[in-house]
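Trainee: This is the structure I have questions about; it appears just below.
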Protein chains: 2
Amino acid sequence: MPRQSRRPPKTRDPERTRAEILAAAFPLVLRHGFQGVSIDDIVEQTRHTKGALFHQFPTKRELGYALVDEVVRPLIIERWIRPLEGFENPLEGILSQMEELIGKAPPELLKLGCPLNNLVQEMAPLDAGFRKRLQSALELWVTETERHLARAKAAGFLKKSVDTREAAHFIVMAHEGFYGMIKGLGHPHAFEALVNSLGIYFQAISTQEL
Amino acid sequence: MPRQSRRPPKTRDPERTRAEILAAAFPLVLRHGFQGVSIDDIVEQTRHTKGALFHQFPTKRELGYALVDEVVRPLIIERWIRPLEGFENPLEGILSQMEELIGKAPPELLKLGCPLNNLVQEMAPLDAGFRKRLQSALELWVTETERHLARAKAAGFLKKSVDTREAAHFIVMAHEGFYGMIKGLGHPHAFEALVNSLGIYFQAISTQEL
DNA sequence: CAAGTTACATACCGAATGGTATGTTGTCAA
DNA sequence: TTGACAACATACCATTCGGTATGTAACTTG
């Protein structure tokens, strides 16, 4: 018997309800943008109703905020920061992770772009609440990247002259730029060119051959 | 007497009407996104009516297409390609132009992002017509950038080993990434960091000190 | 100048949207 | 066991939106 019934269960679980709504909203927003997705669209993708949604989230905007704080933000850490811990040289880790998550990603997924970048471009100039949360997520990404660059420097992989904060900004910018460029060109073909060029930059700030 | 009357003139000028509608739509779309702007919003910013708009553009989407082809595309050439012709070394030109158009731009303008990038992120995955036109604009930007890189190479500024196509992709990506990053962080403070890092990349592909 | 056509202006419409009002049921403390 | 409240479900609403139907004045053409 399927544990995940299509009909609402008799037992209540508000946290799970909330999580399921967010999980349903995420891919829709990724594909259509926040403004392009309606409450009804989201509800349709869950086993819940509009009443449940508006009970969990007072407004559509609040749902968007939760999406940033509770879905997008953790995703950044999980995908782009945590994996670096497994690499002695973080620069290698960054290139490797890019190859893994962008280079090898299915084209139809890549065309949807980066969840964070999409929301930044769409919502940051429109709404202060979004702006604040997206900014916070971006700064977290930069800060954590810088931490690993500092580690790289301490381990002698990075030239002493490198400003790790500057480099971290550039690297995060490149992530978002890669996604944006691939999305704009419509095919992932440009990825290799981009990662090669980023490699040249990495080489320029490194003390040894990568 | 003001030549530009607020009331519609008795004399007709369809091309001017069309241009005025596009001119009114452009800043609105830049600020609120394409989906975030209504036909009535646009009409309100002109001395024309909804009837005129739908006479010039059969649908809202067609207006968006025209915005890409007739406003955004020329803007790229005018801002980022043409100015390079005045520089013996195009790499210097790119950095100089970035400083001029991004570094010195008013923060409230920067927060709105890059017109092309905004539309790419918002509309490319949603609509094939947008996708085609945005892709074409991006490829034009890359191609024209590559032309100047080839010139740089011929003049001996670039290392022979540099793949100009790859580098052109990376440079265009950086333009869009810069805008996106500044928009996301909410303040132009990051620009200097980004342009410094791009300078390191430029140095790495150059034959001499910049 | 007559007749047709283009370029609008005005009024209106059906559908979609975010949100609400109200009813119902599970849950839990006393 | 029983209220009381949280967690929903259902029905409904006001507004907004892209688009259209229709009327009219300017312009072109024969």
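To be explicit about the labels: the chains of the structure tokens are called A, B, and onward in the order shown, and within each one the residues are counted from 1, while ligands get numbers from 1 in the order they are shown.
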Residues of chain D no more than 12 Å from chain B, counting only C-alpha atoms (C1' of nucleotides): send them over as a PyMOL selection string.
Mentor: chain D and resi 16-23+25-27
Trainee: Write out as a ChimeraX atom specification each polymer residue whose atoms come within 12 Å of Ala128 (chain A), counting only C-alpha atoms (C1' of nucleotides); drop sequence neighbours fewer than 4 positions from it.
Mentor: /A:61,65,120,123-124,132-135 /B:111,184,186
Trainee: Give me, as a list in words, the contact residues of chain C against chain A at a cut-off of 12 Å, counting only C-alpha atoms (C1' of nucleotides).
Mentor: DA16, DT17, DG18, DG19, DT20, DA21, DT22, DG23, DT25, DG26 and DT27 of chain C
Trainee: With only C-alpha atoms as the basis for distance, which of A:Leu149, A:Ile94, A:Ala204, A:Ile21 is at the shortest distance from chain B?
Mentor: A:Ala204
Trainee: Compute the chain A side of the contact with chain B at 6 Å, counting only C-alpha atoms, and hand it back as a PyMOL selection string.
Mentor: chain A and resi 112+118+120-121+125+135+166+170+173+177+181+184-185+193-194+201
Trainee: Residues of the last selection are to be written out with N, CA and C atoms, as a PDB file, in the first residue's frame.
Mentor:
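Generated file (part17.pdb):
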```
ATOM      1  N   LEU A 112      16.302  26.168 -16.600  1.00  0.00           N
ATOM      2  CA  LEU A 112      15.495  26.834 -15.574  1.00  0.00           C
ATOM      3  C   LEU A 112      16.326  27.795 -14.746  1.00  0.00           C
ATOM      4  N   ASN A 118      17.415  33.442 -10.050  1.00  0.00           N
ATOM      5  CA  ASN A 118      16.102  33.754 -10.608  1.00  0.00           C
ATOM      6  C   ASN A 118      15.328  34.704  -9.705  1.00  0.00           C
ATOM      7  N   VAL A 120      16.478  36.587  -7.300  1.00  0.00           N
ATOM      8  CA  VAL A 120      17.156  37.882  -7.191  1.00  0.00           C
ATOM      9  C   VAL A 120      16.742  38.787  -8.343  1.00  0.00           C
ATOM     10  N   GLN A 121      16.860  38.265  -9.559  1.00  0.00           N
ATOM     11  CA  GLN A 121      16.581  39.095 -10.727  1.00  0.00           C
ATOM     12  C   GLN A 121      15.128  39.534 -10.762  1.00  0.00           C
ATOM     13  N   PRO A 125      14.297  43.960  -6.862  1.00  0.00           N
ATOM     14  CA  PRO A 125      13.971  45.385  -6.978  1.00  0.00           C
ATOM     15  C   PRO A 125      12.519  45.691  -6.611  1.00  0.00           C
ATOM     16  N   GLN A 135      19.528  39.007  -0.276  1.00  0.00           N
ATOM     17  CA  GLN A 135      20.826  39.592   0.050  1.00  0.00           C
ATOM     18  C   GLN A 135      21.533  38.766   1.118  1.00  0.00           C
ATOM     19  N   GLU A 166      37.427  39.573  -2.086  1.00  0.00           N
ATOM     20  CA  GLU A 166      37.245  39.905  -3.502  1.00  0.00           C
ATOM     21  C   GLU A 166      37.047  38.653  -4.342  1.00  0.00           C
ATOM     22  N   PHE A 170      33.850  37.253  -6.631  1.00  0.00           N
ATOM     23  CA  PHE A 170      33.992  36.919  -8.049  1.00  0.00           C
ATOM     24  C   PHE A 170      33.513  35.492  -8.326  1.00  0.00           C
ATOM     25  N   MET A 173      29.754  35.328  -8.090  1.00  0.00           N
ATOM     26  CA  MET A 173      29.261  35.973  -9.307  1.00  0.00           C
ATOM     27  C   MET A 173      29.350  35.024 -10.497  1.00  0.00           C
ATOM     28  N   GLY A 177      26.484  33.828 -12.849  1.00  0.00           N
ATOM     29  CA  GLY A 177      26.681  34.195 -14.242  1.00  0.00           C
ATOM     30  C   GLY A 177      26.642  32.987 -15.167  1.00  0.00           C
ATOM     31  N   MET A 181      24.010  32.672 -18.106  1.00  0.00           N
ATOM     32  CA  MET A 181      24.492  32.609 -19.485  1.00  0.00           C
ATOM     33  C   MET A 181      23.939  31.377 -20.190  1.00  0.00           C
ATOM     34  N   GLY A 184      20.362  31.852 -20.877  1.00  0.00           N
ATOM     35  CA  GLY A 184      20.142  32.796 -21.962  1.00  0.00           C
ATOM     36  C   GLY A 184      20.463  32.215 -23.319  1.00  0.00           C
ATOM     37  N   LEU A 185      21.540  31.454 -23.383  1.00  0.00           N
ATOM     38  CA  LEU A 185      21.927  30.872 -24.666  1.00  0.00           C
ATOM     39  C   LEU A 185      21.056  29.671 -25.017  1.00  0.00           C
ATOM     40  N   ALA A 193      33.389  26.431 -22.055  1.00  0.00           N
ATOM     41  CA  ALA A 193      34.133  27.666 -22.304  1.00  0.00           C
ATOM     42  C   ALA A 193      34.243  28.491 -21.026  1.00  0.00           C
ATOM     43  N   LEU A 194      33.146  28.593 -20.307  1.00  0.00           N
ATOM     44  CA  LEU A 194      33.126  29.408 -19.098  1.00  0.00           C
ATOM     45  C   LEU A 194      34.029  28.823 -18.025  1.00  0.00           C
ATOM     46  N   TYR A 201      41.544  32.077 -14.423  1.00  0.00           N
ATOM     47  CA  TYR A 201      41.557  32.981 -13.256  1.00  0.00           C
ATOM     48  C   TYR A 201      42.086  32.262 -12.021  1.00  0.00           C
TER      49      TYR A 201
END
```
Trainee: Could you give me the residues within region 24-198 of chain B that DSSP places in helix (DSSP H, G or I), as number ranges by chain?
Mentor: B: 24-32, 39-44, 50-56, 60-86, 90-103, 107-110, 115-123, 128-154, 164-185, 190-198
Trainee: Which residues are close to Pro74 (chain B), i.e. within 12 Å by only C-alpha atoms (C1' of nucleotides), leaving aside same-chain residues fewer than 4 positions away? Reply as a PDB file with N, CA and C atoms, in the first residue's frame.
Mentor:
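Generated output (around-v5.pdb):
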```
ATOM      1  N   ALA B  66       9.310  43.127 -29.306  1.00  0.00           N
ATOM      2  CA  ALA B  66       9.818  44.371 -29.897  1.00  0.00           C
ATOM      3  C   ALA B  66      10.792  45.063 -28.949  1.00  0.00           C
ATOM      4  N   LEU B  67      10.498  44.949 -27.663  1.00  0.00           N
ATOM      5  CA  LEU B  67      11.378  45.547 -26.669  1.00  0.00           C
ATOM      6  C   LEU B  67      12.775  44.928 -26.759  1.00  0.00           C
ATOM      7  N   VAL B  68      12.828  43.643 -26.926  1.00  0.00           N
ATOM      8  CA  VAL B  68      14.116  42.962 -27.038  1.00  0.00           C
ATOM      9  C   VAL B  68      14.820  43.369 -28.327  1.00  0.00           C
ATOM     10  N   ASP B  69      14.109  43.262 -29.433  1.00  0.00           N
ATOM     11  CA  ASP B  69      14.744  43.481 -30.734  1.00  0.00           C
ATOM     12  C   ASP B  69      15.084  44.946 -30.998  1.00  0.00           C
ATOM     13  N   GLU B  70      14.204  45.830 -30.571  1.00  0.00           N
ATOM     14  CA  GLU B  70      14.336  47.225 -30.985  1.00  0.00           C
ATOM     15  C   GLU B  70      14.883  48.147 -29.900  1.00  0.00           C
ATOM     16  N   GLU B  78      25.345  49.768 -28.526  1.00  0.00           N
ATOM     17  CA  GLU B  78      25.703  51.156 -28.255  1.00  0.00           C
ATOM     18  C   GLU B  78      26.556  51.291 -26.996  1.00  0.00           C
ATOM     19  N   ARG B  79      26.241  50.519 -25.970  1.00  0.00           N
ATOM     20  CA  ARG B  79      26.913  50.676 -24.682  1.00  0.00           C
ATOM     21  C   ARG B  79      28.194  49.870 -24.548  1.00  0.00           C
ATOM     22  N   TRP B  80      28.176  48.649 -25.092  1.00  0.00           N
ATOM     23  CA  TRP B  80      29.264  47.729 -24.779  1.00  0.00           C
ATOM     24  C   TRP B  80      30.150  47.374 -25.949  1.00  0.00           C
ATOM     25  N   ILE B  81      29.687  47.616 -27.167  1.00  0.00           N
ATOM     26  CA  ILE B  81      30.501  47.251 -28.332  1.00  0.00           C
ATOM     27  C   ILE B  81      31.108  48.480 -29.002  1.00  0.00           C
ATOM     28  N   ARG B  82      30.275  49.410 -29.416  1.00  0.00           N
ATOM     29  CA  ARG B  82      30.762  50.603 -30.106  1.00  0.00           C
ATOM     30  C   ARG B  82      31.890  51.319 -29.372  1.00  0.00           C
ATOM     31  N   PRO B 115      19.013  45.234 -18.349  1.00  0.00           N
ATOM     32  CA  PRO B 115      17.775  44.978 -19.081  1.00  0.00           C
ATOM     33  C   PRO B 115      17.767  43.606 -19.756  1.00  0.00           C
ATOM     34  N   LEU B 116      18.858  43.262 -20.391  1.00  0.00           N
ATOM     35  CA  LEU B 116      18.915  41.969 -21.072  1.00  0.00           C
ATOM     36  C   LEU B 116      18.870  40.825 -20.072  1.00  0.00           C
ATOM     37  N   ALA B 137      20.275  38.080 -29.113  1.00  0.00           N
ATOM     38  CA  ALA B 137      20.933  39.282 -28.593  1.00  0.00           C
ATOM     39  C   ALA B 137      22.225  38.920 -27.859  1.00  0.00           C
ATOM     40  N   LEU B 138      22.145  37.861 -27.053  1.00  0.00           N
ATOM     41  CA  LEU B 138      23.328  37.417 -26.318  1.00  0.00           C
ATOM     42  C   LEU B 138      24.434  36.980 -27.265  1.00  0.00           C
ATOM     43  N   LEU B 140      24.874  37.884 -30.309  1.00  0.00           N
ATOM     44  CA  LEU B 140      25.432  39.074 -30.956  1.00  0.00           C
ATOM     45  C   LEU B 140      26.492  39.710 -30.070  1.00  0.00           C
ATOM     46  N   TRP B 141      26.167  39.848 -28.811  1.00  0.00           N
ATOM     47  CA  TRP B 141      27.098  40.437 -27.839  1.00  0.00           C
ATOM     48  C   TRP B 141      28.408  39.629 -27.797  1.00  0.00           C
TER      49      TRP B 141
END
```
Trainee: State, in Å with one decimal place, the distance from CA of Glu100 (chain B) to CA of His189 (chain B).
Mentor: 14.9 Å
